[in-house]
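> One file: entry19.cif (mmCIF, C-alpha atoms).
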data_upload
loop_
_atom_site.label_atom_id
_atom_site.label_comp_id
_atom_site.auth_asym_id
_atom_site.auth_seq_id
_atom_site.Cartn_x
_atom_site.Cartn_y
_atom_site.Cartn_z
CA MET M 112 0.00 0.00 0.00
CA PHE M 113 2.83 2.38 0.85
CA HIS M 114 4.34 1.94 -2.62
CA LEU M 115 0.97 2.65 -4.23
CA ILE M 116 0.76 5.99 -2.43
CA PHE M 117 4.47 6.81 -2.58
CA PRO M 118 5.84 5.55 -5.93
CA ARG M 119 9.53 4.77 -6.09
CA TYR M 120 11.60 7.86 -6.68
CA SER M 121 15.31 8.60 -6.82
CA ARG M 122 17.09 11.92 -7.17
CA SER M 123 19.14 12.02 -10.36
CA THR M 124 20.06 15.71 -10.31
CA LEU M 125 20.96 18.51 -7.94
CA VAL M 126 17.86 20.53 -8.83
CA GLN M 127 15.98 19.86 -5.58
CA PRO M 128 18.95 20.54 -3.24
CA LEU M 129 19.70 23.75 -5.11
CA VAL M 130 16.10 24.98 -5.04
CA PHE M 131 15.68 24.14 -1.34
CA THR M 132 18.95 25.83 -0.35
CA LEU M 133 18.26 29.03 -2.31
CA SER M 134 14.71 29.16 -0.97
CA ALA M 135 15.96 28.75 2.63
CA VAL M 136 18.43 31.60 2.16
CA PHE M 137 15.63 33.79 0.81
CA PHE M 138 13.38 32.91 3.79
CA LEU M 139 16.14 33.79 6.25
CA VAL M 140 16.93 37.10 4.60
CA PHE M 141 13.27 38.10 4.30
CA ASP M 142 12.33 37.20 7.90
CA ALA M 143 15.52 38.80 9.25
CA ALA M 144 14.68 42.00 7.40
CA GLN M 145 11.16 41.91 8.85
CA LEU M 146 12.56 41.56 12.38
CA ILE M 147 15.17 44.29 11.95
CA SER M 148 12.66 46.72 10.47
CA GLY M 149 10.26 46.06 13.37
CA GLN M 150 7.45 44.88 11.10
CA GLN M 151 7.16 41.72 13.17
CA SER M 152 8.28 40.57 16.58
CA ALA M 153 8.96 37.08 17.88
CA SER M 154 10.31 35.35 20.94
CA ILE M 155 13.64 33.56 21.07
CA LEU M 156 11.85 30.20 21.12
CA ARG M 157 9.93 30.99 17.93
CA VAL M 158 13.15 32.08 16.23
CA ILE M 159 14.78 28.79 17.24
CA PHE M 160 11.82 26.74 16.02
CA SER M 161 11.77 28.61 12.70
CA LEU M 162 15.52 28.11 12.21
CA THR M 163 15.05 24.40 13.00
CA LEU M 164 12.44 24.13 10.24
CA ILE M 165 14.68 25.92 7.76
CA VAL M 166 17.60 23.61 8.55
CA LEU M 167 15.36 20.56 8.13
CA PHE M 168 14.04 22.01 4.86
CA VAL M 169 17.58 22.35 3.48
CA ALA M 170 18.42 18.82 4.64
CA ALA M 171 15.26 17.57 2.90
CA GLY M 172 16.77 18.72 -0.38
CA TRP M 173 19.51 16.12 0.05
CA LEU M 174 17.94 13.33 2.12
CA GLN M 175 14.42 12.08 1.48
CA VAL M 176 13.93 10.98 5.09
CA CYS M 177 14.38 14.61 6.17
CA GLU M 178 11.29 15.50 4.13
CA TYR M 179 9.14 13.47 6.53
CA VAL M 180 10.94 14.87 9.58
CA PHE M 181 10.36 18.37 8.26
CA LEU M 182 6.63 17.69 7.77
CA VAL M 183 6.18 16.28 11.27
CA CYS M 184 7.97 19.23 12.87
CA TYR M 185 6.11 21.71 10.68
CA PHE M 186 2.70 20.36 11.70
CA VAL M 187 3.63 20.11 15.40
CA PHE M 188 5.07 23.64 15.48
CA ASN M 189 2.01 25.01 13.68
CA LEU M 190 -0.36 23.18 16.00
CA PHE M 191 1.20 24.91 19.02
CA ASN M 192 1.78 28.27 17.28
CA LEU M 193 5.54 27.93 17.71
CA ILE M 194 6.41 29.66 14.40
CA ASP M 195 3.74 32.33 14.40
CA GLY M 196 5.07 35.50 12.80
CA PHE M 197 7.43 33.76 10.35
CA GLU M 198 5.09 33.48 7.39
CA MET M 199 7.81 32.79 4.84
CA VAL M 200 8.56 29.43 6.44
CA SER M 201 5.11 28.21 5.33
CA PHE M 202 6.22 28.55 1.69
CA ALA M 203 8.72 25.75 2.33
CA LEU M 204 5.80 23.33 2.55
CA SER M 205 4.45 24.50 -0.81
CA ILE M 206 7.87 24.10 -2.46
CA LEU M 207 8.23 20.58 -1.07
CA MET M 208 4.74 19.65 -2.31
CA ILE M 209 5.58 20.90 -5.81
CA PHE M 210 8.43 18.40 -5.94
CA TRP M 211 6.11 15.68 -4.66
CA LEU M 212 3.72 16.44 -7.49
CA ILE M 213 6.57 16.30 -10.01
CA ARG M 214 7.33 12.80 -8.67
CA SER M 215 3.63 11.91 -9.17
CA TRP M 216 3.03 11.75 -5.41
CA ILE M 217 -0.32 13.45 -6.01
CA VAL M 218 -2.41 11.71 -3.32
CA PRO M 219 0.17 12.28 -0.53
CA ALA M 220 0.51 15.95 -1.55
CA VAL M 221 -3.26 16.51 -1.39
CA LEU M 222 -3.43 14.78 2.03
CA VAL M 223 -0.63 17.03 3.33
CA PHE M 224 -2.47 20.14 2.15
CA VAL M 225 -5.72 18.95 3.75
CA LEU M 226 -3.95 18.34 7.07
CA ASP M 227 -2.16 21.68 6.86
CA GLY M 228 -5.44 23.47 6.12
CA VAL M 229 -7.22 21.79 9.03
CA ILE M 230 -4.47 22.68 11.51
CA ALA M 231 -4.11 26.26 10.24
CA THR M 232 -7.87 26.83 10.39
CA ALA M 233 -8.15 25.31 13.88
CA VAL M 234 -5.48 27.58 15.43
CA SER M 235 -6.30 30.73 13.47
CA LEU M 236 -8.17 33.71 14.99
CA THR M 237 -9.92 34.12 11.61
CA PRO M 238 -10.77 30.56 10.55
CA GLY M 239 -12.86 31.55 7.54
CA LEU M 240 -10.06 33.62 6.01
CA GLU M 241 -7.50 30.95 6.83
CA ALA M 242 -9.60 28.24 5.19
CA PHE M 243 -9.95 30.34 2.02
CA SER M 244 -6.18 31.00 2.00
CA SER M 245 -5.44 27.27 2.40
CA VAL M 246 -7.74 26.33 -0.47
CA LEU M 247 -6.23 28.99 -2.73
CA THR M 248 -2.69 27.91 -1.88
CA THR M 249 -3.56 24.26 -2.52
CA VAL M 250 -5.07 25.04 -5.94
CA LEU M 251 -2.09 27.16 -7.00
CA VAL M 252 0.50 24.61 -5.86
CA LEU M 253 -1.41 21.76 -7.51
CA ALA M 254 -1.58 23.71 -10.78
CA ILE M 255 2.14 24.56 -10.72
CA GLY M 256 3.19 21.07 -9.65
CA LEU M 257 1.07 19.26 -12.22
CA VAL M 258 2.27 21.53 -15.04
CA LEU M 259 5.90 20.90 -14.05
CA ARG M 260 5.14 17.17 -13.77
CA TRP M 261 3.73 17.17 -17.30
CA GLN M 262 6.74 19.08 -18.60
CA ASN M 263 9.17 16.79 -16.78
CA GLY M 264 7.38 13.73 -18.14
CA HIS M 265 7.76 15.00 -21.69
CA ARG M 266 11.44 15.74 -21.07
CA VAL M 267 12.03 12.22 -19.75
CA LEU M 268 10.18 10.69 -22.70
CA ALA M 269 12.22 12.82 -25.11
CA GLU M 270 15.47 11.69 -23.47
CA GLN M 271 14.39 8.05 -23.58
CA GLU M 272 13.42 8.37 -27.24
CA LYS M 273 16.75 10.03 -27.99
CA GLU M 274 18.58 7.20 -26.22
CA ARG M 275 16.57 4.57 -28.11
CA THR M 276 17.29 6.31 -31.40
CA HIS M 277 20.98 6.55 -30.61
CA ARG M 278 21.12 2.88 -29.59
CA ALA M 279 19.23 1.81 -32.72
CA ALA M 280 21.56 3.85 -34.94
CA SER M 281 24.59 2.35 -33.21
CA ASP M 282 23.19 -1.17 -33.61
CA ASN M 283 22.50 -0.51 -37.28
CA ARG M 284 26.05 0.74 -37.82
CA LYS M 285 27.51 -2.30 -36.10
CA GLU M 286 25.31 -4.67 -38.08
CA LEU M 287 26.18 -2.92 -41.35
CA ALA M 288 29.88 -3.10 -40.51
CA ARG M 289 29.56 -6.78 -39.62
CA GLN M 290 27.72 -7.56 -42.83
CA LEU M 291 30.29 -5.71 -44.92
CA HIS M 292 33.15 -7.38 -43.08
CA ASP M 293 31.69 -10.91 -43.03
CA THR M 294 30.10 -10.98 -46.48
CA THR M 295 31.15 -8.35 -49.01
CA ALA M 296 34.81 -8.04 -47.98
CA LYS M 297 35.23 -11.80 -47.64
CA ASP M 298 33.42 -12.45 -50.94
CA LEU M 299 35.76 -10.07 -52.75
CA ALA M 300 38.73 -11.96 -51.30
CA HIS M 301 37.14 -15.24 -52.43
CA VAL M 302 36.69 -13.94 -55.96
CA ALA M 303 40.32 -12.86 -56.21
CA VAL M 304 41.68 -16.06 -54.66
CA LEU M 305 39.51 -18.40 -56.73
CA ALA M 306 40.31 -16.49 -59.92
CA GLN M 307 44.03 -16.78 -59.26
CA ASP M 308 43.71 -20.48 -58.46
CA MET M 309 41.86 -21.02 -61.73
CA ALA M 310 44.51 -19.03 -63.61
CA ALA M 311 47.21 -21.20 -62.06
CA ARG M 312 45.42 -24.38 -63.18
CA HIS M 313 44.54 -22.97 -66.61
CA PRO M 314 47.32 -20.63 -67.77
CA GLU M 315 45.54 -20.06 -71.08
CA LEU M 316 42.81 -18.17 -69.16
CA SER M 317 45.24 -15.95 -67.27
CA SER M 318 44.64 -12.87 -69.43
CA GLU M 319 40.86 -13.16 -69.02
CA LEU M 320 41.04 -13.73 -65.25
CA SER M 321 43.53 -10.96 -64.46
CA PRO M 322 40.93 -8.13 -64.82
CA ILE M 323 38.65 -9.99 -62.38
CA VAL M 324 41.42 -10.21 -59.82
CA ALA M 325 42.30 -6.54 -60.30
CA ALA M 326 38.66 -5.43 -59.99
CA ALA M 327 38.11 -7.47 -56.80
CA THR M 328 41.34 -6.13 -55.29
CA GLU M 329 40.44 -2.52 -56.06
CA ALA M 330 36.91 -2.98 -54.65
CA SER M 331 38.42 -4.42 -51.49
CA ARG M 332 40.68 -1.40 -51.10
CA ARG M 333 37.74 0.97 -51.52
CA ILE M 334 35.47 -0.78 -49.03
CA ARG M 335 38.17 -1.12 -46.36
CA PRO M 336 37.96 2.50 -45.02
CA MET M 337 34.17 2.23 -44.90
CA ILE M 338 34.34 -0.91 -42.76
CA LEU M 339 36.83 0.63 -40.36
CA SER M 340 34.88 3.89 -40.06
CA ILE M 341 31.74 2.13 -38.85
CA ASP M 342 33.50 -0.19 -36.42
CA ALA M 343 33.71 -3.53 -38.12
CA ALA M 344 35.14 -5.02 -34.94
CA ALA M 345 31.87 -4.69 -33.05
CA SER M 346 29.89 -7.91 -33.35
CA ASP M 347 27.88 -10.06 -31.00
CA VAL M 348 28.12 -13.26 -33.06
CA PRO M 349 28.94 -16.28 -30.82
CA LEU M 350 32.51 -17.56 -31.13
CA SER M 351 31.34 -21.01 -32.22
CA LYS M 352 29.45 -19.44 -35.13
CA VAL M 353 32.47 -17.33 -36.09
CA VAL M 354 34.57 -20.52 -36.16
CA ASP M 355 31.99 -22.16 -38.42
CA GLN M 356 32.01 -19.12 -40.74
CA VAL M 357 35.80 -19.24 -41.04
CA MET M 358 35.69 -23.01 -41.68
CA GLN M 359 33.22 -22.53 -44.54
CA MET M 360 35.31 -19.68 -45.94
CA LEU M 361 38.48 -21.81 -46.01
CA LYS M 362 36.66 -24.67 -47.73
CA THR M 363 36.35 -22.49 -50.85
CA ARG M 364 40.07 -23.19 -51.35
CA HIS M 365 39.83 -26.74 -50.01
CA ILE M 366 41.66 -25.82 -46.81
CA GLU M 367 40.48 -28.13 -44.04
CA LEU M 368 40.32 -26.49 -40.60
CA ASP M 369 40.83 -28.93 -37.73
CA ILE M 370 39.02 -27.51 -34.68
CA VAL M 371 39.30 -28.20 -30.96
CA LEU M 372 37.13 -26.07 -28.66
CA PRO M 373 35.07 -26.44 -25.45
CA ASP M 374 31.42 -27.44 -25.82
CA ASP M 375 30.30 -24.59 -23.55
CA LEU M 376 32.57 -21.96 -25.13
CA ASP M 377 29.84 -19.39 -25.80
CA CYS M 378 28.56 -19.68 -22.23
CA VAL M 379 31.85 -19.19 -20.37
CA VAL M 380 33.50 -16.33 -22.28
CA THR M 381 32.85 -12.70 -21.40
CA ARG M 382 31.40 -10.32 -23.97
CA GLN M 383 34.76 -8.61 -24.47
CA GLN M 384 36.47 -11.97 -24.98
CA GLN M 385 33.75 -12.82 -27.48
CA LEU M 386 34.25 -9.59 -29.46
CA THR M 387 38.05 -9.66 -29.45
CA GLY M 388 38.20 -13.42 -30.04
CA ALA M 389 35.83 -13.15 -33.01
CA LEU M 390 37.96 -10.39 -34.51
CA ALA M 391 41.14 -12.45 -34.01
CA ILE M 392 39.69 -15.62 -35.54
CA ARG M 393 38.29 -13.75 -38.55
CA GLU M 394 41.57 -11.92 -39.18
CA CYS M 395 43.70 -15.05 -38.83
CA GLY M 396 41.20 -16.96 -40.99
CA SER M 397 41.53 -14.33 -43.72
CA ASN M 398 45.31 -14.69 -43.60
CA MET M 399 44.99 -18.47 -43.89
CA LEU M 400 42.82 -18.00 -46.98
CA LYS M 401 45.47 -15.79 -48.58
CA TYR M 402 48.71 -17.44 -47.46
CA ALA M 403 47.94 -21.14 -46.97
CA PRO M 404 48.21 -23.38 -50.07
CA ALA M 405 45.08 -24.91 -51.49
CA ASP M 406 44.25 -28.47 -50.42
CA SER M 407 46.16 -28.01 -47.17
CA GLU M 408 45.25 -28.39 -43.52
CA ALA M 409 45.04 -25.74 -40.78
CA HIS M 410 44.49 -26.09 -37.05
CA LEU M 411 42.53 -24.04 -34.51
CA VAL M 412 42.53 -24.79 -30.77
CA ILE M 413 40.42 -22.67 -28.39
CA ASP M 414 40.52 -23.16 -24.64
CA ILE M 415 39.58 -21.23 -21.54
CA ASP M 416 41.23 -21.58 -18.15
CA GLY M 417 38.70 -22.56 -15.49
CA GLU M 418 40.43 -20.59 -12.72
CA SER M 419 41.72 -17.39 -14.34
CA GLY M 420 39.14 -17.27 -17.13
CA VAL M 421 41.86 -16.57 -19.73
CA LEU M 422 40.81 -17.40 -23.29
CA THR M 423 43.58 -18.93 -25.44
CA ILE M 424 43.45 -19.22 -29.22
CA SER M 425 46.09 -21.23 -31.09
CA LEU M 426 46.21 -21.32 -34.88
CA SER M 427 48.62 -22.94 -37.32
CA ASN M 428 48.70 -23.32 -41.08
CA GLU M 429 51.12 -24.06 -43.90
CA ILE M 430 52.60 -21.16 -45.85
CA ALA M 431 52.36 -21.21 -49.63
CA SER M 432 55.43 -20.25 -51.60
CA VAL M 433 53.37 -17.63 -53.43
CA PRO M 434 50.37 -15.94 -51.66
CA ALA M 435 47.06 -16.44 -53.45
CA ALA M 436 46.07 -12.77 -53.18
CA PRO M 437 48.84 -10.62 -51.61
CA ASP M 438 47.01 -7.37 -52.33
CA MET M 439 43.80 -8.37 -50.56
CA SER M 440 43.29 -7.33 -46.94
CA SER M 441 40.40 -7.45 -44.47
CA GLY M 442 41.40 -3.98 -43.33
CA TYR M 443 42.52 -4.71 -39.81
CA GLY M 444 45.86 -6.54 -39.98
CA LEU M 445 47.73 -8.64 -37.45
CA ALA M 446 49.76 -5.65 -36.25
CA ASN M 447 46.62 -3.72 -35.33
CA LEU M 448 45.04 -6.86 -33.91
CA GLY M 449 48.05 -7.43 -31.65
CA ALA M 450 47.94 -3.81 -30.44
CA LYS M 451 44.23 -4.14 -29.61
CA ILE M 452 44.74 -7.40 -27.71
CA ARG M 453 47.67 -6.00 -25.71
CA ALA M 454 45.63 -2.90 -24.85
CA GLU M 455 43.03 -5.21 -23.30
CA GLY M 456 45.66 -6.95 -21.18
CA GLY M 457 46.21 -9.95 -23.43
CA SER M 458 49.10 -11.19 -25.56
CA MET M 459 49.71 -12.24 -29.14
CA GLU M 460 52.68 -14.15 -30.54
CA VAL M 461 53.25 -15.05 -34.19
CA SER M 462 56.04 -17.26 -35.50
CA ASP M 463 57.31 -18.51 -38.85
CA LEU M 464 58.79 -22.03 -38.70
CA GLY M 465 59.81 -22.10 -42.34
CA ASN M 466 56.75 -23.63 -43.94
CA GLN M 467 54.42 -23.27 -40.93
CA TRP M 468 52.79 -20.13 -39.52
CA LEU M 469 51.84 -20.18 -35.83
CA THR M 470 49.68 -17.71 -33.92
CA TYR M 471 49.10 -17.84 -30.15
CA ILE M 472 46.67 -15.41 -28.48
CA THR M 473 45.58 -14.95 -24.88
CA ILE M 474 42.60 -12.78 -23.92
CA PRO M 475 41.87 -12.23 -20.20
CA SER M 476 38.35 -12.11 -18.83
CA ASN M 477 39.13 -8.55 -17.73
CA SER M 478 42.12 -6.21 -17.82
CA GLN M 479 44.74 -7.60 -15.48
CA ASP M 480 48.29 -6.35 -14.99
CA GLU M 481 49.83 -9.80 -15.40
CA TYR M 482 48.63 -9.89 -18.98
CA ARG M 483 49.78 -6.45 -19.98
CA SER M 484 53.26 -7.79 -20.74
CA GLY M 485 51.95 -9.64 -23.80
CA SER M 486 53.62 -8.63 -27.06
CA LEU M 487 53.44 -9.26 -30.78
CA ARG M 488 56.68 -10.93 -31.97
CA ARG M 489 57.33 -10.85 -35.70
CA SER M 490 60.42 -11.81 -37.66
CA ASP M 491 61.56 -9.87 -40.71
CA SER M 492 60.81 -12.84 -42.97
CA VAL M 493 57.08 -12.77 -42.14
CA LYS M 494 56.60 -8.98 -41.98
CA GLU M 495 54.59 -8.88 -45.22
CA GLN M 496 52.05 -11.40 -43.91
CA ALA M 497 51.68 -9.64 -40.56
CA ASP M 498 51.17 -6.24 -42.16
CA ASP M 499 48.27 -7.62 -44.22
#
For this file, write the structure as structure tokens.


Amino acid sequence: MFHLIFPRYSRSTLVQPLVFTLSAVFFLVFDAAQLISGQQSASILRVIFSLTLIVLFVAAGWLQVCEYVFLVCYFVFNLFNLIDGFEMVSFALSILMIFWLIRSWIVPAVLVFVLDGVIATAVSLTPGLEAFSSVLTTVLVLAIGLVLRWQNGHRVLAEQEKERTHRAASDNRKELARQLHDTTAKDLAHVAVLAQDMAARHPELSSELSPIVAAATEASRRIRPMILSIDAAASDVPLSKVVDQVMQMLKTRHIELDIVLPDDLDCVVTRQQQLTGALAIRECGSNMLKYAPADSEAHLVIDIDGESGVLTISLSNEIASVPAAPDMSSGYGLANLGAKIRAEGGSMEVSDLGNQWLTYITIPSNSQDEYRSGSLRRSDSVKEQADD
């Protein structure tokens, strides 16, 4: 029942503390001026009680529990005429009720005004005039509070709509980047690689296939900045699905990918491990497509440490004597990939064993100092492959 009358509310700004503090300063200055000018007189006790209410009013701007303490003291002091002569203090109640109305605490605000009107009328020497004044004050405060509540509601809705629009635009950009990266860019690489393979098997068609390779390579170069500008790295595709995509991609050149990975991989990795791991597997898979010979075998081993949560990715493939498509690139590159992984606290090592290319990657579940020492090691003989 309490939550039906007092809906949940939390302060998200400093508006209420600021308004309450400035109002309290104004009340003090106005009442002090009244006392100094002799327009009103009051006992020491009434001054103390009025100052107590003002202090509680300021505290109510910061702590919600002080709002209720302020109300109890205000009604008790009014009931025993302990703040008579300090009329400005009564405006504190109206200001507090305006904020209650903005929160949609309409029923509690009306009940407070009814109680205040009953007490003020009961202790007043002119009950009729006091009742009229209470009704007028209640109507004015309700009108102001409800108007501000309506305006605040529209502002909140506008902010929520803006946030939804921004999130939708961001999701669309990420999805577009993913589609370009996973379909168009990869398809262009496939066209160039398959055309060169066909030219190698049928030299008499080399002159006809060369323009196809050149056109695919140029298209890849043009689309690369677009992919990078809309964050091609951002993707929420499960790692197991990314592995399957890379496997299917390599099959276009009859490269068999031998895979070893945990059954619950997608359930145990963090989102950041998923994003970075997907980027690493795609990039290394693209390099396999370009640098591994057709009809060869590649290996991918993914594991995650049960205690530290570190994700490890090991890849190996043969190196062809002549790359299938040396001018093709996915736009990210092993050098940039290594820098990204190290920035996240992981490590990346690449090695050339003559006819075998090895890549070993570790990605922590979160940024930890012990993983910040990871580095990308490249020999001069494999610099061209790493730069692609």

> Report, in Å with one decimal, the straight-line distance from atom CA of M:Phe138 to atom CA of M:Ser161.

10.0 Å

> How many Å separate atom CA of M:Cys378 from atom CA of M:Tyr471?

22.1 Å

> Would you compute the distance between atom CA of M:Phe186 and atom CA of M:Ile147? Give it in Å to one decimal.

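About the pair atom CA of M:Phe186 and atom CA of M:Ile147: they are 27.0 Å apart.
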
> Looking at all atoms listed in the file, which of M:Val223, M:Leu390, M:Ala203, M:Val302 is the one that sits closest to M:Phe137?

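Under the stated criterion, the closest residue is M:Ala203.
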
> Name the closest residue to M:Val252 among the candidates M:Ile413, M:Leu204, M:Leu469, M:Leu299; distances are taken between atoms, counting only C-alpha atoms.

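Looking at the shortest contact to M:Val252, the residue is M:Leu204.
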
> Using all atoms listed in the file, which residue out of M:Val412, M:Leu222, M:Leu372, M:Ile474 lies closest to M:Ala454?

M:Ile474

> Nearest residue to M:Val130 out of M:Ile209, M:Val461, M:Asn192, M:Leu156, using only C-alpha atoms?

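So, comparing all the options, the nearest one is M:Ile209.
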
> Enumerate, as a list in words, the residues matched when the PyMOL selection byres ((chain M and resi 353-366) around 7) is run on the file above.

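This file, filtered by the PyMOL selection byres ((chain M and resi 353-366) around 7), leaves Val348, Pro349, Leu350, Ser351, Lys352, Glu367, Leu368, Ala389, Arg393, Gly396, Leu400, Ala405, Asp406, Ser407, Glu408 and Ala409 of chain M.
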
> Pull out every residue that the PyMOL selection byres ((chain M and resi 430) around 8) matches in the shown coordinates and put them as a VMD selection string.

chain M and resid 402 to 404 428 to 429 431 to 432 466 to 468

> Determine the nearest neighbour of M:Ala144 from the options M:Ser425, M:Met199, M:Leu167, M:Leu316, counting only C-alpha atoms.

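Selected residue with least distance to M:Ala144: M:Met199.
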
> Might I get the box with edges along x, y and z of the file that holds all atoms of stretch 448-458 of chain M listed there, padded by 5 Å on every side, given as centre and edge lengths in Å to one decimal, as AutoDock Vina command-line options?


--center_x 46.1 --center_y -7.0 --center_z -27.5 --size_x 16.1 --size_y 18.3 --size_z 22.7

> If you count all atoms listed in the file, which residues fall within 12 Å of M:Gly417, apart from same-chain ones fewer than 5 positions away, as an mmCIF file with C-alpha atoms, in the coordinates of the input?


data_model
loop_
_atom_site.group_PDB
_atom_site.id
_atom_site.type_symbol
_atom_site.label_atom_id
_atom_site.label_comp_id
_atom_site.auth_asym_id
_atom_site.auth_seq_id
_atom_site.Cartn_x
_atom_site.Cartn_y
_atom_site.Cartn_z
ATOM 1 C CA PRO M 373 35.070 -26.440 -25.450
ATOM 2 C CA ASP M 375 30.300 -24.590 -23.550
ATOM 3 C CA LEU M 376 32.570 -21.960 -25.130
ATOM 4 C CA VAL M 379 31.850 -19.190 -20.370
ATOM 5 C CA VAL M 380 33.500 -16.330 -22.280
ATOM 6 C CA LEU M 422 40.810 -17.400 -23.290
ATOM 7 C CA THR M 423 43.580 -18.930 -25.440
ATOM 8 C CA PRO M 475 41.870 -12.230 -20.200
ATOM 9 C CA SER M 476 38.350 -12.110 -18.830
#

> Which residue, M:Ser321, M:Thr132, M:Ser148, M:Gln127, has the smallest gap to M:Phe210 when you use all atoms listed in the file?

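Among the listed residues, M:Gln127 lies closest to M:Phe210.
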
> Report as an MDAnalysis selection string the residues that result from applying the PyMOL selection byres ((chain M and resi 163) around 12) to the structure here.

chainID M and resid 135 139 156:162 164:170 177 180:182 184:185 188 193:194 200

> Include C-alpha atoms and write out the residues we just selected as a CSV table (one decimal), in the coordinates of the input.


chain,number,residue,atom,x,y,z
M,135,ALA,CA,16.0,28.8,2.6
M,139,LEU,CA,16.1,33.8,6.2
M,156,LEU,CA,11.8,30.2,21.1
M,157,ARG,CA,9.9,31.0,17.9
M,158,VAL,CA,13.2,32.1,16.2
M,159,ILE,CA,14.8,28.8,17.2
M,160,PHE,CA,11.8,26.7,16.0
M,161,SER,CA,11.8,28.6,12.7
M,162,LEU,CA,15.5,28.1,12.2
M,164,LEU,CA,12.4,24.1,10.2
M,165,ILE,CA,14.7,25.9,7.8
M,166,VAL,CA,17.6,23.6,8.6
M,167,LEU,CA,15.4,20.6,8.1
M,168,PHE,CA,14.0,22.0,4.9
M,169,VAL,CA,17.6,22.4,3.5
M,170,ALA,CA,18.4,18.8,4.6
M,177,CYS,CA,14.4,14.6,6.2
M,180,VAL,CA,10.9,14.9,9.6
M,181,PHE,CA,10.4,18.4,8.3
M,182,LEU,CA,6.6,17.7,7.8
M,184,CYS,CA,8.0,19.2,12.9
M,185,TYR,CA,6.1,21.7,10.7
M,188,PHE,CA,5.1,23.6,15.5
M,193,LEU,CA,5.5,27.9,17.7
M,194,ILE,CA,6.4,29.7,14.4
M,200,VAL,CA,8.6,29.4,6.4

> Kindly reconstruct stretch 125-139 of chain M with N, CA and C atoms and present the result as a JSON list (two decimals), keeping the file's coordinate frame.


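What landed in rebuild.json:
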[["chain", "number", "residue", "atom", "x", "y", "z"],
["M", 125, "LEU", "N", 20.79, 17.64, -9.10],
["M", 125, "LEU", "CA", 20.96, 18.51, -7.94],
["M", 125, "LEU", "C", 19.92, 19.63, -7.94],
["M", 126, "VAL", "N", 18.86, 19.46, -8.73],
["M", 126, "VAL", "CA", 17.86, 20.53, -8.83],
["M", 126, "VAL", "C", 17.18, 20.76, -7.48],
["M", 127, "GLN", "N", 16.70, 19.69, -6.85],
["M", 127, "GLN", "CA", 15.98, 19.86, -5.58],
["M", 127, "GLN", "C", 16.88, 20.44, -4.48],
["M", 128, "PRO", "N", 18.08, 19.92, -4.26],
["M", 128, "PRO", "CA", 18.95, 20.54, -3.24],
["M", 128, "PRO", "C", 19.21, 22.01, -3.50],
["M", 129, "LEU", "N", 19.41, 22.36, -4.77],
["M", 129, "LEU", "CA", 19.70, 23.75, -5.11],
["M", 129, "LEU", "C", 18.49, 24.64, -4.83],
["M", 130, "VAL", "N", 17.31, 24.19, -5.25],
["M", 130, "VAL", "CA", 16.10, 24.98, -5.04],
["M", 130, "VAL", "C", 15.82, 25.15, -3.54],
["M", 131, "PHE", "N", 15.95, 24.07, -2.78],
["M", 131, "PHE", "CA", 15.68, 24.14, -1.34],
["M", 131, "PHE", "C", 16.67, 25.06, -0.64],
["M", 132, "THR", "N", 17.93, 24.99, -1.01],
["M", 132, "THR", "CA", 18.95, 25.83, -0.35],
["M", 132, "THR", "C", 18.73, 27.31, -0.67],
["M", 133, "LEU", "N", 18.49, 27.63, -1.93],
["M", 133, "LEU", "CA", 18.26, 29.03, -2.31],
["M", 133, "LEU", "C", 16.98, 29.57, -1.66],
["M", 134, "SER", "N", 15.96, 28.73, -1.61],
["M", 134, "SER", "CA", 14.71, 29.16, -0.97],
["M", 134, "SER", "C", 14.93, 29.43, 0.52],
["M", 135, "ALA", "N", 15.69, 28.57, 1.20],
["M", 135, "ALA", "CA", 15.96, 28.75, 2.63],
["M", 135, "ALA", "C", 16.72, 30.05, 2.87],
["M", 136, "VAL", "N", 17.69, 30.34, 2.02],
["M", 136, "VAL", "CA", 18.43, 31.60, 2.16],
["M", 136, "VAL", "C", 17.49, 32.79, 2.00],
["M", 137, "PHE", "N", 16.59, 32.71, 1.02],
["M", 137, "PHE", "CA", 15.63, 33.79, 0.81],
["M", 137, "PHE", "C", 14.72, 33.96, 2.04],
["M", 138, "PHE", "N", 14.24, 32.85, 2.60],
["M", 138, "PHE", "CA", 13.38, 32.91, 3.79],
["M", 138, "PHE", "C", 14.11, 33.59, 4.94],
["M", 139, "LEU", "N", 15.35, 33.21, 5.15],
["M", 139, "LEU", "CA", 16.14, 33.79, 6.25],
["M", 139, "LEU", "C", 16.33, 35.28, 6.07]]
